[in-house]
Amino acid sequence: MKLRTQLEMAAACCLLAASSLAVGQVAAAKAASPADAVNAQLSLIEGEMMGAVKAMPAEKYSFAPSASVFVSSQKTVYPSGIRTFAQQATHVAQANYFFFSSVSGMKPDADVGAIAKLANKDEIVAALAASFAFGHKAISTLTPANAFEVLKSNEPGLQTRATLSTFAVAHGFDHYGQMVEYLRMNGIVPPASAQ
């Protein structure tokens, strides 16, 4: 009995030592910088959204869902002002400049107001790509020292550089989800879903 207890205690000590070693290794693992962490997320939505805007044919950029795309018994009502596919993309481009200039203090390198007026697919794709490039530049200014600095904002809640930059990414995903539906309503499989 005594030998069994000693063996159990030895096994418990080994287990404790192994788990302590594992915890130490995890703690010693390199932490990602705020810029790297957010940039990875921005790259993800950028890839999916850029694939979507390139996949939609130019003649479908004026598409917006309406009650006519559903079966008559569905009683779907759409208020006026539903964004077209083009407006979804230009809205995200403008929002990227707004959010990321707030995060970094950098001035946008584009006429942000003019983006809403774009109607040509090639111009919209270029404007959206440029807004993501601006976002990456802005995110590169995030550091462990400034990521959680509170920003002056008219928005409710506590805004920091980190929370605003992650909100910008989430905002992109929200509109990407809508754009996916627009693609599917037109019989187009979103490139990210086709992989």
# chains A, B, ... in the order shown; residues from 1 in each chain; ligands from 1
call {"tool": "closest_atom_pairs", "arguments": {"of": "stretch 74-159 of chain A", "to": "stretch 174-186 of chain A", "cutoff": "9 Å", "atoms": "only C-alpha atoms", "output": "JSON lines"}}
result
{"residue": "A:Thr84", "atom": "CA", "partner": "A:Tyr182", "partner_atom": "CA", "distance": 8.7}
{"residue": "A:Phe85", "atom": "CA", "partner": "A:Met179", "partner_atom": "CA", "distance": 6.5}
{"residue": "A:Gln88", "atom": "CA", "partner": "A:His175", "partner_atom": "CA", "distance": 6.5}
{"residue": "A:Ala89", "atom": "CA", "partner": "A:His175", "partner_atom": "CA", "distance": 8.0}
{"residue": "A:His91", "atom": "CA", "partner": "A:His175", "partner_atom": "CA", "distance": 8.7}
{"residue": "A:Val92", "atom": "CA", "partner": "A:His175", "partner_atom": "CA", "distance": 7.3}
call {"tool": "write_last_selection", "arguments": {"atoms": "C-alpha atoms", "output": "PDB file, in the first residue's frame"}}
result
ATOM      1  CA  THR A  84     -27.316  48.572 -54.413  1.00  0.00           C
ATOM      2  CA  PHE A  85     -24.318  46.243 -54.691  1.00  0.00           C
ATOM      3  CA  GLN A  88     -22.523  48.417 -50.416  1.00  0.00           C
ATOM      4  CA  ALA A  89     -18.949  48.493 -51.745  1.00  0.00           C
ATOM      5  CA  HIS A  91     -20.107  52.493 -48.258  1.00  0.00           C
ATOM      6  CA  VAL A  92     -17.448  50.102 -46.944  1.00  0.00           C
TER       7      VAL A  92
END
call {"tool": "residues_around", "arguments": {"residues": "stretch 96-103 of chain A", "least_positions_apart": "6", "cutoff": "8 Å", "atoms": "only C-alpha atoms", "output": "PDB file with C-alpha atoms, in the first residue's frame"}}
result
ATOM      1  CA  VAL A 112     -13.799  60.142 -49.474  1.00  0.00           C
ATOM      2  CA  SER A 131      -9.406  51.909 -48.681  1.00  0.00           C
ATOM      3  CA  PHE A 132      -8.126  48.530 -47.476  1.00  0.00           C
ATOM      4  CA  PHE A 134      -5.149  52.745 -46.183  1.00  0.00           C
ATOM      5  CA  GLY A 135      -6.558  50.554 -43.400  1.00  0.00           C
ATOM      6  CA  ALA A 138      -3.364  52.926 -40.300  1.00  0.00           C
ATOM      7  CA  ILE A 139      -3.348  49.652 -38.384  1.00  0.00           C
ATOM      8  CA  THR A 160      -9.902  53.050 -28.203  1.00  0.00           C
ATOM      9  CA  ARG A 161      -7.646  52.595 -31.200  1.00  0.00           C
ATOM     10  CA  ALA A 162      -7.931  48.822 -30.818  1.00  0.00           C
ATOM     11  CA  LEU A 164     -12.323  51.086 -33.295  1.00  0.00           C
ATOM     12  CA  SER A 165     -10.014  49.164 -35.622  1.00  0.00           C
ATOM     13  CA  ALA A 168     -14.031  48.565 -38.679  1.00  0.00           C
TER      14      ALA A 168
END
call {"tool": "closest_residue", "arguments": {"among": "A:Val38, A:Ala52, A:Ile82, A:Ala64", "to": "A:Ala194", "atoms": "only C-alpha atoms"}}
result
A:Ala52
call {"tool": "atom_distance", "arguments": {"atom1": "atom CA of A:Ala58", "atom2": "atom CA of A:Lys121"}}
result
5.4 Å
call {"tool": "atom_distance", "arguments": {"atom1": "atom CA of A:Ala37", "atom2": "atom CA of A:Thr163"}}
result
12.2 Å
call {"tool": "closest_residue", "arguments": {"among": "A:Ala55, A:Ala86, A:Leu128, A:Leu142", "to": "A:Ser33", "atoms": "only C-alpha atoms"}}
result
A:Leu142
call {"tool": "closest_residue", "arguments": {"among": "A:Ala127, A:Ala95, A:Phe173, A:Glu46", "to": "A:Ala110", "atoms": "only C-alpha atoms"}}
result
A:Ala127
